[in-house]
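What follows is a set of notes on a single structure, which appears directly below.
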2 protein chains.
Amino acid sequence: MELSERKKKILRAVVESYIQTAEPVGSKALMELAGLKVSSATIRNELADLTEQGYLEQPHTSAGRVPSPKGYRLYVNELMEEQRLSLEETKQINDALHLKMRELDKVIDQAGRMVSQLTNYPAFALTEGARRLTIKRFDLILVDSASFIAVVMTDSSVVKNKLFRLPADLSEPQLQLLTTLLNTAFVGKTLDQLTPELMRVAEHAAGNSYGLISLVVSFAMEVLDELERSAVYTAGASHILDHPEYQDVGKAQKLMSYLSEDRSLAQALALPALEGDDTKILIGPENVADELKDTSVVLASYDIGDGMKGVIGVVGPTRMDYAKVAAKLSYVADGLSKLFGQPELPPGTPEKEE
Amino acid sequence: MELSERKKKILRAVVESYIQTAEPVGSKALMELAGLKVSSATIRNELADLTEQGYLEQPHTSAGRVPSPKGYRLYVNELMEEQRLSLEETKQINDALHLKMRELDKVIDQAGRMVSQLTNYPAFALTEGARRLTIKRFDLILVDSASFIAVVMTDSSVVKNKLFRLPADLSEPQLQLLTTLLNTAFVGKTLDQLTPELMRVAEHAAGNSYGLISLVVSFAMEVLDELERSAVYTAGASHILDHPEYQDVGKAQKLMSYLSEDRSLAQALALPALEGDDTKILIGPENVADELKDTSVVLASYDIGDGMKGVIGVVGPTRMDYAKVAAKLSYVADGLSKLFGQPELPPGTPEKEE
DNA sequence: CTTAGCACTCTTACTTCCTGAGTGCTAAAG
DNA sequence: CTTTAGCACTCAGGAAGTAAGAGTGCTAAG
């Protein structure tokens with residue numbers, strides 16, 4: 001059943017006032033807020049209806065009304081106006097996004113921090129656990145007679161390196177040989193396929209090389225493992241104390257400790273994000289996780305490239321400024337997608353304008 | 001003026017009981033706790049003396065006694081017994097320390113998290129801003145015709161890399177040339193010495209290479225900049241809510257937001273750590289930062305190698321279990337020092353036993 | 001359908017009162 | 001001079017009671 005225009009106007013006014021002040025809204029105040037030229041009694045009647053239908057709630061008999069999750073949902077779906085970011089805000093986001101070095105994990109962590117700071121809510125950022133990755137290439141670079149750098153590249157074009165120091169000398173030709181060996185024996189293999197047996201065989205072929213093969217391959221395995229694992233970054237958990245709904249330390253603590261459990265968070269939030277690809281809003285009980293039943297989550301997904309996706313979002317009380325948060329989040333998510341999609345260009349090449 | 005044995009015994013009992021319970025300690029309870037065979041009246045006299053001399057405080061006239069910062073200081077200096085970690089605890093620490101990949105920043109971040117989890121206090125870990133670093137070597141590795149990896153190594157033996165994609169083709173010989181050029185023109189230079197002018201000259205010598213020189217050198221500069229900057233990692237800020245002194249949300253919030261200001265934290269804590277090289281305890285007003293005047297900080301420093309140092313520590317109420325925290329921290333710091341000092345050995349090489 | 005009026009409800013803040021823990025002091029005992 | 005018992009005193013914290021104010025629901029009239 002569709003609500004009348006007037007009811008919607010009132011509901012919207014209640015939600016927006018409550019989001020601002022965190023105080024239940026009364027019929028008198030609504031006369032002004034909703035911009036209606038009717039008396040408070042009329043509004044009271046409407047409020048009673050809205051409450052009846054489950055869009056509003058009363059903390060107690062003689063308090064004003066507060067939006068219910070259902071009320072917020074209607075607001076978010078139909079009543080909320082798209083918020084446009086100010087030039088200043090977009091600039092701030094762009095700067096922050098481009099400033100830092102482009103290591104995947106750092107950028108994402110940074111983006112999470114930024115979002116938290118931007119919205120004053122705790123934020124999180126996840127990367128979806130990748131598909132099975134394989135090694136694409138090894139390089140060994142001699143540093144001095146007793147140390148070398150192993151560079152490992154995966155088929156997702158991520159590159160990691162590590163410095164190895166050895167108790168004995170090593171020559172350039174030796175290293176060349178090892179490189180060739182590594183590249184023939186281990187390229188194209190997934191983590192599972194890098195068996196100890198395979199390593200033994202290669203080790204044997206390499207002759208006496210102090211077990212260098214295993215050393216480098218173990219490193220490669222660590223790299224694959226780390227990349228295949230989905231990562232979770234959280235930031236600004238302390239922001240929940242900013243909001244009056246968490247004046248109760250017990251509540252705040254519960255939410256905080258939930259936020260620091262990376263695994264459950266990833267599980268609870270990756271799922272809803274995968275369905276849609278735009279901004280997603282989960283209000284109170286719409287969350288699957290019990291711990292989030294009276295909080296809301298706003299999330300947006302971004303492309304990491306190579307078909308992989310990540311999710312970035314914030315957590316807060318159901319009384320959340322959805323319009324603002326959603327706008328900021330989706331802007332950041334877009335920024336991230338662009339950042340990862342766009343190849344590194346030589347300076348001077350003009351970037352595409354929006 | 002030296003305190004009598006009995007006074008010390010009483011002071012110690014007060015401190016330890018208060019650390020446990022967070023409740024002011026009364027004369028009656030102390031009869032048992034201090035293990036003295038005197039009446040409560042006698043203890044009251046002693047307590048009065050200790051209060052007079054500033055070792056104890058009374059929250060109000062009719063409450064028990066609580067240690068003052070001066071009291072904690074005496075306790076820490078003279079009365080506290082060195083805590084030994086259980087085998088289980090040392091094992092747990094060792095495992096956590098060795099599990100993760102050895103990228104400097106990750107290890108340190110991880111160590112901070114671990115300490116926080118281990119102690120139930122917020123923890124932080126800093127790396128001292130390094131001396132001026134220089135580039136030691138460049139390597140360029142061709143990936144495919146339109147992309148290559150730049151590997152940059154500093155004189156502190158840190159290696160970073162980045163994948164570059166280009167809008168045009170690139171050949172192996174070209175890359176060789178660039179590598180040589182980079183290695184002759186920019187090796188041994190500090191950040192300041194990598195001037196735009198120098199880059200222009202090199203760029204010119206390289207002929208038409210799409211500005212690749214600048215691209216790679218800019219990357220190198222980012223690397224140097226990042227490494228020279230001192231880094232701050234904090235973890236487990238939410239743990240402060242575990243402690244009754246922060247039941248007041250306002251207080252908790254103040255401390256939390258202070259902890260998330262990386263810069264001030266680094267400034268306030270690096271200083272004291274540099275002086276001594278063992279575990280250091282700063283009690284309440286001994287902290288220079290105003291925000292920490294009623295908290296205590298325990299910190300330990302570790303060697304990153306190459307003469308550089310870092311600091312790891314925890315923050316908590318003055319009522320902190322100094323003995324336990326100090327023991328754990330110094331064990332972790334030692335572990336870190338060993339980790340960084342010790343070269344990567346081939347598997348099978350026996351590690352030194354303790 | 002709207003509005004004014006009014007009784008009613010319930011929270012919040014502010015008293016007041018009471019209890020119990022712990023003290024400091026005094027005077028006697030070792 | 002130190003220790004102890006006894007006792008009056010202080011003060012925080014909880015319980016109970018009260019008053020004020022906000023906002024409602026209902027009724028009856030416009």
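Naming works like this for the structure tokens: A, B, ... for the chains as they're shown, residue 1 at the start of each chain, ligands 1 onward in shown order.
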
**Request:** Return as a ChimeraX atom specification the residues belonging to chain B that are within 9 Å of chain A, counting only C-alpha atoms.
**Result:** /B:100-103,137,139,141,143,149,151,157-167,210-212,214-215,219,222-223,226,236-239,241-242,246-250,252-253,256-257,260,343-348

**Asked** Mind listing as an NGL selection string which residues of chain C are within 7 Å of chain A, counting only C-alpha atoms (C1' of nucleotides)?
**Response** :C and (2-3 or 9-10)

Would you save the residues from that selection as a CSV table (one decimal), in the first residue's frame, using C-alpha atoms (C1' of nucleotides)?
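What follows is the written file part33.csv:
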```csv
chain,number,residue,atom,x,y,z
C,2,DT,C1',-9.0,19.1,10.5
C,3,DT,C1',-8.4,21.4,14.8
C,9,DT,C1',1.8,8.9,30.6
C,10,DC,C1',6.3,8.6,31.2
```

**Message:** Can you work out which residues from chain D touch chain B at a cut-off of 7 Å (counting only C-alpha atoms (C1' of nucleotides)) and hand them back as a PyMOL selection string?
**Reply:** chain D and resi 3-4+10-11

**Request:** Extract the full set of strand (DSSP E or B) residues from segment 156-333 of chain A according to DSSP on the backbone, and format it as a ChimeraX atom specification.
**Result:** /A:159-165,232-235,280-282,295-305,308-317

Next, write the just-selected residues to a file, as a compact mmCIF listing (two decimals), in the first residue's frame, keeping C-alpha atoms as the atom set.
```txt
# COMPACT_ATOMS: atom_id res chain seq x y z
CA VAL A 159 55.20 -8.41 -8.03
CA LYS A 160 56.86 -9.12 -4.72
CA ASN A 161 60.46 -9.40 -3.80
CA LYS A 162 62.64 -10.41 -0.96
CA LEU A 163 66.28 -10.07 -0.11
CA PHE A 164 68.15 -13.26 0.72
CA ARG A 165 71.45 -13.34 2.52
CA VAL A 232 40.36 -7.01 5.66
CA TYR A 233 41.29 -3.52 6.71
CA THR A 234 39.42 -1.59 9.34
CA ALA A 235 39.94 1.97 10.39
CA LYS A 280 24.39 -0.98 -1.05
CA ILE A 281 22.73 -0.05 2.21
CA LEU A 282 21.93 -2.53 4.94
CA THR A 295 23.69 -0.97 13.17
CA SER A 296 23.63 -0.02 9.55
CA VAL A 297 26.21 -0.69 6.93
CA VAL A 298 26.78 1.19 3.73
CA LEU A 299 29.02 -0.39 1.20
CA ALA A 300 30.28 0.07 -2.29
CA SER A 301 32.29 -2.25 -4.42
CA TYR A 302 35.22 -1.46 -6.65
CA ASP A 303 37.15 -3.29 -9.30
CA ILE A 304 40.68 -4.29 -8.56
CA GLY A 305 41.17 -5.24 -12.14
CA MET A 308 38.54 -9.10 -9.07
CA LYS A 309 36.46 -6.98 -6.80
CA GLY A 310 36.75 -5.39 -3.42
CA VAL A 311 34.32 -3.83 -1.01
CA ILE A 312 34.63 -0.65 0.98
CA GLY A 313 32.11 0.53 3.51
CA VAL A 314 31.25 2.05 6.82
CA VAL A 315 29.40 0.87 9.89
CA GLY A 316 27.32 3.03 12.16
CA PRO A 317 24.09 3.37 14.06
```

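You will find atom CA of Glu89 of chain A at 20.0 Å from atom CA of Ala125 of chain A.
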
Let's see if you can do this: from backbone DSSP, list all alpha helix (DSSP H) residues in segment 36-195 of chain B, as a PDB file with N, CA and C atoms, in the first residue's frame.
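Final output, states.pdb:
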```pdb
ATOM      1  N   SER B  40      45.001  -3.519  62.086  1.00  0.00           N
ATOM      2  CA  SER B  40      44.649  -2.563  61.037  1.00  0.00           C
ATOM      3  C   SER B  40      45.004  -1.139  61.464  1.00  0.00           C
ATOM      4  N   ALA B  41      44.959  -0.886  62.757  1.00  0.00           N
ATOM      5  CA  ALA B  41      45.276   0.466  63.231  1.00  0.00           C
ATOM      6  C   ALA B  41      46.716   0.825  62.917  1.00  0.00           C
ATOM      7  N   THR B  42      47.592  -0.130  63.139  1.00  0.00           N
ATOM      8  CA  THR B  42      49.003   0.097  62.826  1.00  0.00           C
ATOM      9  C   THR B  42      49.168   0.399  61.338  1.00  0.00           C
ATOM     10  N   ILE B  43      48.487  -0.413  60.556  1.00  0.00           N
ATOM     11  CA  ILE B  43      48.567  -0.198  59.117  1.00  0.00           C
ATOM     12  C   ILE B  43      48.021   1.167  58.754  1.00  0.00           C
ATOM     13  N   ARG B  44      46.996   1.566  59.436  1.00  0.00           N
ATOM     14  CA  ARG B  44      46.438   2.887  59.152  1.00  0.00           C
ATOM     15  C   ARG B  44      47.470   3.978  59.385  1.00  0.00           C
ATOM     16  N   ASN B  45      48.234   3.791  60.459  1.00  0.00           N
ATOM     17  CA  ASN B  45      49.287   4.778  60.716  1.00  0.00           C
ATOM     18  C   ASN B  45      50.296   4.814  59.585  1.00  0.00           C
ATOM     19  N   GLU B  46      50.678   3.639  59.165  1.00  0.00           N
ATOM     20  CA  GLU B  46      51.643   3.580  58.074  1.00  0.00           C
ATOM     21  C   GLU B  46      51.068   4.196  56.805  1.00  0.00           C
ATOM     22  N   LEU B  47      49.823   3.861  56.558  1.00  0.00           N
ATOM     23  CA  LEU B  47      49.175   4.408  55.365  1.00  0.00           C
ATOM     24  C   LEU B  47      49.164   5.930  55.410  1.00  0.00           C
ATOM     25  N   ALA B  48      48.889   6.456  56.597  1.00  0.00           N
ATOM     26  CA  ALA B  48      48.871   7.908  56.733  1.00  0.00           C
ATOM     27  C   ALA B  48      50.241   8.481  56.371  1.00  0.00           C
ATOM     28  N   ASP B  49      51.287   7.826  56.885  1.00  0.00           N
ATOM     29  CA  ASP B  49      52.644   8.275  56.554  1.00  0.00           C
ATOM     30  C   ASP B  49      52.880   8.244  55.049  1.00  0.00           C
ATOM     31  N   LEU B  50      52.557   7.098  54.451  1.00  0.00           N
ATOM     32  CA  LEU B  50      52.795   6.935  53.012  1.00  0.00           C
ATOM     33  C   LEU B  50      52.024   7.986  52.210  1.00  0.00           C
ATOM     34  N   THR B  51      50.827   8.285  52.700  1.00  0.00           N
ATOM     35  CA  THR B  51      50.039   9.301  52.009  1.00  0.00           C
ATOM     36  C   THR B  51      50.713  10.662  52.149  1.00  0.00           C
ATOM     37  N   GLU B  52      51.132  10.940  53.374  1.00  0.00           N
ATOM     38  CA  GLU B  52      51.852  12.179  53.663  1.00  0.00           C
ATOM     39  C   GLU B  52      53.029  12.366  52.720  1.00  0.00           C
ATOM     40  N   PRO B  69      51.239   8.350  41.288  1.00  0.00           N
ATOM     41  CA  PRO B  69      52.316   8.103  40.318  1.00  0.00           C
ATOM     42  C   PRO B  69      53.651   7.856  41.022  1.00  0.00           C
ATOM     43  N   LYS B  70      53.905   8.645  42.042  1.00  0.00           N
ATOM     44  CA  LYS B  70      55.158   8.454  42.785  1.00  0.00           C
ATOM     45  C   LYS B  70      55.213   7.048  43.395  1.00  0.00           C
ATOM     46  N   GLY B  71      54.048   6.586  43.868  1.00  0.00           N
ATOM     47  CA  GLY B  71      53.988   5.245  44.436  1.00  0.00           C
ATOM     48  C   GLY B  71      54.265   4.179  43.383  1.00  0.00           C
ATOM     49  N   TYR B  72      53.650   4.349  42.239  1.00  0.00           N
ATOM     50  CA  TYR B  72      53.907   3.399  41.154  1.00  0.00           C
ATOM     51  C   TYR B  72      55.382   3.411  40.774  1.00  0.00           C
ATOM     52  N   ARG B  73      55.947   4.606  40.746  1.00  0.00           N
ATOM     53  CA  ARG B  73      57.346   4.735  40.360  1.00  0.00           C
ATOM     54  C   ARG B  73      58.238   3.926  41.304  1.00  0.00           C
ATOM     55  N   LEU B  74      58.004   4.084  42.597  1.00  0.00           N
ATOM     56  CA  LEU B  74      58.796   3.330  43.565  1.00  0.00           C
ATOM     57  C   LEU B  74      58.588   1.829  43.358  1.00  0.00           C
ATOM     58  N   LEU B  87      56.112 -20.755  29.219  1.00  0.00           N
ATOM     59  CA  LEU B  87      56.573 -21.340  27.964  1.00  0.00           C
ATOM     60  C   LEU B  87      55.560 -21.131  26.858  1.00  0.00           C
ATOM     61  N   GLU B  88      54.321 -21.262  27.263  1.00  0.00           N
ATOM     62  CA  GLU B  88      53.229 -21.103  26.306  1.00  0.00           C
ATOM     63  C   GLU B  88      53.262 -19.707  25.688  1.00  0.00           C
ATOM     64  N   GLU B  89      53.462 -18.741  26.562  1.00  0.00           N
ATOM     65  CA  GLU B  89      53.464 -17.363  26.071  1.00  0.00           C
ATOM     66  C   GLU B  89      54.631 -17.106  25.129  1.00  0.00           C
ATOM     67  N   THR B  90      55.787 -17.576  25.501  1.00  0.00           N
ATOM     68  CA  THR B  90      56.940 -17.347  24.624  1.00  0.00           C
ATOM     69  C   THR B  90      56.722 -18.045  23.292  1.00  0.00           C
ATOM     70  N   LYS B  91      56.144 -19.204  23.355  1.00  0.00           N
ATOM     71  CA  LYS B  91      55.887 -19.932  22.111  1.00  0.00           C
ATOM     72  C   LYS B  91      54.929 -19.155  21.214  1.00  0.00           C
ATOM     73  N   GLN B  92      53.896 -18.659  21.858  1.00  0.00           N
ATOM     74  CA  GLN B  92      52.897 -17.895  21.119  1.00  0.00           C
ATOM     75  C   GLN B  92      53.546 -16.690  20.420  1.00  0.00           C
ATOM     76  N   ILE B  93      54.394 -16.013  21.153  1.00  0.00           N
ATOM     77  CA  ILE B  93      55.046 -14.837  20.576  1.00  0.00           C
ATOM     78  C   ILE B  93      55.958 -15.243  19.433  1.00  0.00           C
ATOM     79  N   ASN B  94      56.745 -16.251  19.671  1.00  0.00           N
ATOM     80  CA  ASN B  94      57.666 -16.677  18.621  1.00  0.00           C
ATOM     81  C   ASN B  94      56.931 -17.062  17.353  1.00  0.00           C
ATOM     82  N   ASP B  95      55.890 -17.825  17.530  1.00  0.00           N
ATOM     83  CA  ASP B  95      55.130 -18.250  16.362  1.00  0.00           C
ATOM     84  C   ASP B  95      54.627 -17.057  15.575  1.00  0.00           C
ATOM     85  N   ALA B  96      53.980 -16.153  16.286  1.00  0.00           N
ATOM     86  CA  ALA B  96      53.384 -15.007  15.615  1.00  0.00           C
ATOM     87  C   ALA B  96      54.449 -14.198  14.885  1.00  0.00           C
ATOM     88  N   LEU B  97      55.594 -14.096  15.494  1.00  0.00           N
ATOM     89  CA  LEU B  97      56.658 -13.284  14.920  1.00  0.00           C
ATOM     90  C   LEU B  97      57.230 -13.908  13.654  1.00  0.00           C
ATOM     91  N   HIS B  98      57.243 -15.224  13.629  1.00  0.00           N
ATOM     92  CA  HIS B  98      57.909 -15.866  12.505  1.00  0.00           C
ATOM     93  C   HIS B  98      56.969 -16.244  11.374  1.00  0.00           C
ATOM     94  N   LEU B  99      55.698 -16.197  11.702  1.00  0.00           N
ATOM     95  CA  LEU B  99      54.748 -16.672  10.720  1.00  0.00           C
ATOM     96  C   LEU B  99      54.717 -15.815   9.472  1.00  0.00           C
ATOM     97  N   LEU B 104      59.380  -5.395   6.257  1.00  0.00           N
ATOM     98  CA  LEU B 104      59.595  -4.607   7.454  1.00  0.00           C
ATOM     99  C   LEU B 104      58.291  -4.065   8.047  1.00  0.00           C
ATOM    100  N   ASP B 105      57.553  -3.354   7.241  1.00  0.00           N
ATOM    101  CA  ASP B 105      56.380  -2.685   7.809  1.00  0.00           C
ATOM    102  C   ASP B 105      55.326  -3.675   8.284  1.00  0.00           C
ATOM    103  N   LYS B 106      55.168  -4.752   7.542  1.00  0.00           N
ATOM    104  CA  LYS B 106      54.168  -5.735   7.955  1.00  0.00           C
ATOM    105  C   LYS B 106      54.544  -6.376   9.284  1.00  0.00           C
ATOM    106  N   VAL B 107      55.793  -6.736   9.407  1.00  0.00           N
ATOM    107  CA  VAL B 107      56.239  -7.381  10.641  1.00  0.00           C
ATOM    108  C   VAL B 107      55.989  -6.464  11.830  1.00  0.00           C
ATOM    109  N   ILE B 108      56.311  -5.215  11.641  1.00  0.00           N
ATOM    110  CA  ILE B 108      56.191  -4.295  12.766  1.00  0.00           C
ATOM    111  C   ILE B 108      54.737  -4.052  13.112  1.00  0.00           C
ATOM    112  N   ASP B 109      53.947  -3.877  12.102  1.00  0.00           N
ATOM    113  CA  ASP B 109      52.513  -3.716  12.325  1.00  0.00           C
ATOM    114  C   ASP B 109      51.974  -4.934  13.074  1.00  0.00           C
ATOM    115  N   GLN B 110      52.344  -6.067  12.582  1.00  0.00           N
ATOM    116  CA  GLN B 110      51.912  -7.328  13.172  1.00  0.00           C
ATOM    117  C   GLN B 110      52.351  -7.434  14.632  1.00  0.00           C
ATOM    118  N   ALA B 111      53.573  -7.040  14.883  1.00  0.00           N
ATOM    119  CA  ALA B 111      54.091  -7.116  16.246  1.00  0.00           C
ATOM    120  C   ALA B 111      53.256  -6.221  17.164  1.00  0.00           C
ATOM    121  N   GLY B 112      52.911  -5.052  16.672  1.00  0.00           N
ATOM    122  CA  GLY B 112      52.071  -4.161  17.458  1.00  0.00           C
ATOM    123  C   GLY B 112      50.740  -4.800  17.788  1.00  0.00           C
ATOM    124  N   ARG B 113      50.116  -5.375  16.795  1.00  0.00           N
ATOM    125  CA  ARG B 113      48.830  -6.028  17.019  1.00  0.00           C
ATOM    126  C   ARG B 113      48.957  -7.130  18.056  1.00  0.00           C
ATOM    127  N   MET B 114      50.015  -7.870  17.910  1.00  0.00           N
ATOM    128  CA  MET B 114      50.206  -8.993  18.812  1.00  0.00           C
ATOM    129  C   MET B 114      50.357  -8.499  20.247  1.00  0.00           C
ATOM    130  N   VAL B 115      51.167  -7.474  20.413  1.00  0.00           N
ATOM    131  CA  VAL B 115      51.392  -6.948  21.748  1.00  0.00           C
ATOM    132  C   VAL B 115      50.077  -6.471  22.349  1.00  0.00           C
ATOM    133  N   SER B 116      49.288  -5.826  21.534  1.00  0.00           N
ATOM    134  CA  SER B 116      48.012  -5.344  22.042  1.00  0.00           C
ATOM    135  C   SER B 116      47.146  -6.506  22.500  1.00  0.00           C
ATOM    136  N   GLN B 117      47.118  -7.511  21.694  1.00  0.00           N
ATOM    137  CA  GLN B 117      46.302  -8.662  22.018  1.00  0.00           C
ATOM    138  C   GLN B 117      46.832  -9.384  23.266  1.00  0.00           C
ATOM    139  N   LEU B 118      48.118  -9.394  23.366  1.00  0.00           N
ATOM    140  CA  LEU B 118      48.790 -10.085  24.461  1.00  0.00           C
ATOM    141  C   LEU B 118      48.564  -9.387  25.796  1.00  0.00           C
ATOM    142  N   THR B 119      48.506  -8.082  25.758  1.00  0.00           N
ATOM    143  CA  THR B 119      48.471  -7.326  27.000  1.00  0.00           C
ATOM    144  C   THR B 119      47.094  -6.751  27.309  1.00  0.00           C
ATOM    145  N   GLU B 172      64.066  -5.451 -25.086  1.00  0.00           N
ATOM    146  CA  GLU B 172      65.046  -5.835 -24.061  1.00  0.00           C
ATOM    147  C   GLU B 172      66.298  -4.934 -24.123  1.00  0.00           C
ATOM    148  N   PRO B 173      66.879  -4.744 -25.291  1.00  0.00           N
ATOM    149  CA  PRO B 173      68.077  -3.889 -25.354  1.00  0.00           C
ATOM    150  C   PRO B 173      67.812  -2.466 -24.864  1.00  0.00           C
ATOM    151  N   GLN B 174      66.665  -1.942 -25.213  1.00  0.00           N
ATOM    152  CA  GLN B 174      66.293  -0.620 -24.742  1.00  0.00           C
ATOM    153  C   GLN B 174      66.316  -0.562 -23.232  1.00  0.00           C
ATOM    154  N   LEU B 175      65.737  -1.593 -22.654  1.00  0.00           N
ATOM    155  CA  LEU B 175      65.638  -1.666 -21.210  1.00  0.00           C
ATOM    156  C   LEU B 175      67.026  -1.758 -20.575  1.00  0.00           C
ATOM    157  N   GLN B 176      67.873  -2.535 -21.211  1.00  0.00           N
ATOM    158  CA  GLN B 176      69.259  -2.663 -20.744  1.00  0.00           C
ATOM    159  C   GLN B 176      69.921  -1.301 -20.682  1.00  0.00           C
ATOM    160  N   LEU B 177      69.730  -0.588 -21.773  1.00  0.00           N
ATOM    161  CA  LEU B 177      70.333   0.727 -21.856  1.00  0.00           C
ATOM    162  C   LEU B 177      69.841   1.614 -20.721  1.00  0.00           C
ATOM    163  N   LEU B 178      68.544   1.602 -20.539  1.00  0.00           N
ATOM    164  CA  LEU B 178      67.956   2.419 -19.482  1.00  0.00           C
ATOM    165  C   LEU B 178      68.513   2.034 -18.118  1.00  0.00           C
ATOM    166  N   THR B 179      68.626   0.742 -17.913  1.00  0.00           N
ATOM    167  CA  THR B 179      69.131   0.264 -16.625  1.00  0.00           C
ATOM    168  C   THR B 179      70.528   0.818 -16.370  1.00  0.00           C
ATOM    169  N   THR B 180      71.367   0.677 -17.361  1.00  0.00           N
ATOM    170  CA  THR B 180      72.730   1.173 -17.210  1.00  0.00           C
ATOM    171  C   THR B 180      72.722   2.662 -16.912  1.00  0.00           C
ATOM    172  N   LEU B 181      71.910   3.346 -17.659  1.00  0.00           N
ATOM    173  CA  LEU B 181      71.825   4.785 -17.493  1.00  0.00           C
ATOM    174  C   LEU B 181      71.396   5.146 -16.074  1.00  0.00           C
ATOM    175  N   LEU B 182      70.374   4.490 -15.629  1.00  0.00           N
ATOM    176  CA  LEU B 182      69.875   4.749 -14.284  1.00  0.00           C
ATOM    177  C   LEU B 182      70.955   4.477 -13.253  1.00  0.00           C
ATOM    178  N   ASN B 183      71.629   3.368 -13.450  1.00  0.00           N
ATOM    179  CA  ASN B 183      72.626   2.969 -12.465  1.00  0.00           C
ATOM    180  C   ASN B 183      73.846   3.876 -12.459  1.00  0.00           C
ATOM    181  N   THR B 184      74.140   4.469 -13.569  1.00  0.00           N
ATOM    182  CA  THR B 184      75.291   5.376 -13.554  1.00  0.00           C
ATOM    183  C   THR B 184      74.881   6.762 -13.065  1.00  0.00           C
ATOM    184  N   ALA B 185      73.700   7.183 -13.425  1.00  0.00           N
ATOM    185  CA  ALA B 185      73.348   8.575 -13.127  1.00  0.00           C
ATOM    186  C   ALA B 185      72.784   8.786 -11.729  1.00  0.00           C
TER     187      ALA B 185
END
```

**Message:** When you count only C-alpha atoms (C1' of nucleotides), which of these residues is closest to DT23 of chain C: D:DC7, D:DC1, D:DG14, D:DT24?
**Reply:**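 Looking at the shortest contact to DT23 of chain C, the residue is D:DC7.
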